[in-house]
Amino acid sequence: MDVIAFLKLVFFTQLYQSRLLLLTYKFWKAVLGIYTNTTELFRICANASDEAGLTADWYQSELTEEETDSIDSDRTPLLNRGSLRDASISVETVFRVDRSILYSSRLVMERRTLESLRCDLDEITQTILYKKNFPENGSTKTPSAMVLHYCLTQIRDSYKLAHEINDRAITKFDSNNKQHEKKLLELWDLLMPDERLEGRYSEQWTKIGFQGKDPATDFRGMGMLGLDDLVYYAKNYPESAHDVLKSSRRNSSWRPFATVGINITFFAVQTLRTRQLQYFLFKYGSTKDIYHEFFCYLFHSFNEFWISHDQSTITIMDFEKIFNQFKRNIIQELLNRKSMVLDSSKDMFIQYEKTK
């Protein structure tokens, strides 16, 4: 990362956290807008298209023969999404477009439409192009318009993920649902492979951190999402999960593994709902598996944070205080754009995709 890119990263990391800095930036935007007769959103997209080397000729070259024949029709797609992805539109660009729309008083309806599951992305793009004074009468075939459409696709996908996660969180565990029961028993097998579960209702469940004989009662707060997270963690990171479970059962600093996990699910969902997870999603992808990866990072990291304290002085009664400290640390990590996955190959994959 060069010096200019680093300074931009630092600036936009802190921008929305400081009221004074945000007001100063808004004043600067207003002055720049008057001087250049452009909007912030257009400048973001135009700069990104220049950095990616996009031109109108590039757009034409990416169209299929069928698309070229219908270039003046309403059915012409705004862009070839896959090709534009290869043009290396940065995560920072998508994030800045997202923030610009989020804080725009003129795009409230467009933002709400993006949040819905049924939205016409091409129509929203056209409206924003017009409202934000993109050149050439809001033509969708300009490089800046292509960048905007690409960014809106990523933003819409993040909202879709939020809907999916929220739906799973309000799905109650149903003991009469065979799939729910199967997943619960799978969690036991993953965490306790050397011990046979004597019955569905058993005190054995407390060994992996549930509060009583029936784990179903513990999922009331986060529904099936709490179970999904625990199973994903135990299945994809068994070494970490077993280490955390072993650590949680020590008498000196006991804490209930499963119950802690459900609390972490609640926190992870909060970061998603409040859009603090946006940069992470734009970097790795707005999929349920990527959300689960974030949960795994949180669970693993919280265990490290817990054991970093003096084990002779802390008890389960200190959980709330320590967990609140941990959450503040994570929010700061999100602001600082720290890599937050346990599987380093995912970061390697992102870097590979950017250099292809």
# chains A, B, ... in the order shown; residues from 1 in each chain; ligands from 1
$ select_by_dssp --residues "stretch 110-175 of chain A" --states "helix (DSSP H, G or I)" --output "JSON, numbers by chain"
{"A": [110, 111, 112, 113, 114, 115, 121, 122, 123, 124, 125, 126, 127, 128, 129, 130, 131, 135, 136, 137, 138, 143, 144, 145, 146, 147, 148, 149, 150, 151, 152, 153, 154, 155, 156, 157, 158, 159, 160, 161, 162, 163, 164, 165, 166, 167, 168, 169]}
$ residues_around --residues "stretch 209-224 of chain A" --least-positions-apart "5" --cutoff "10 Å" --atoms "only C-alpha atoms" --output "count of residues only"
38
$ closest_residue --among "A:His300, A:Lys207, A:Arg273, A:Lys246" --to "A:Tyr233" --atoms "only C-alpha atoms"
A:His300
$ residues_around --residues "A:Met317" --least-positions-apart "2" --cutoff "12 Å" --atoms "only C-alpha atoms" --output "PyMOL selection string"
chain A and resi 253-256+313-315+319-323
$ residues_around --residues "stretch 275-289 of chain A" --least-positions-apart "4" --cutoff "8 Å" --atoms "only C-alpha atoms" --output "list in words"
Val91, Glu92, Val94, Phe95, Gln154, Ile155, Asp157, Ser158, Leu161, Glu164, Ile165, Thr271, Glu293, Ile331, Leu334, Leu335, Arg337, Met340, Lys346 and Ile350 of chain A
$ atom_distance --atom1 "atom CA of A:Lys338" --atom2 "atom CA of A:Leu272"
16.4 Å
$ atom_distance --atom1 "atom CA of A:Lys235" --atom2 "atom CA of A:Ile264"
17.3 Å
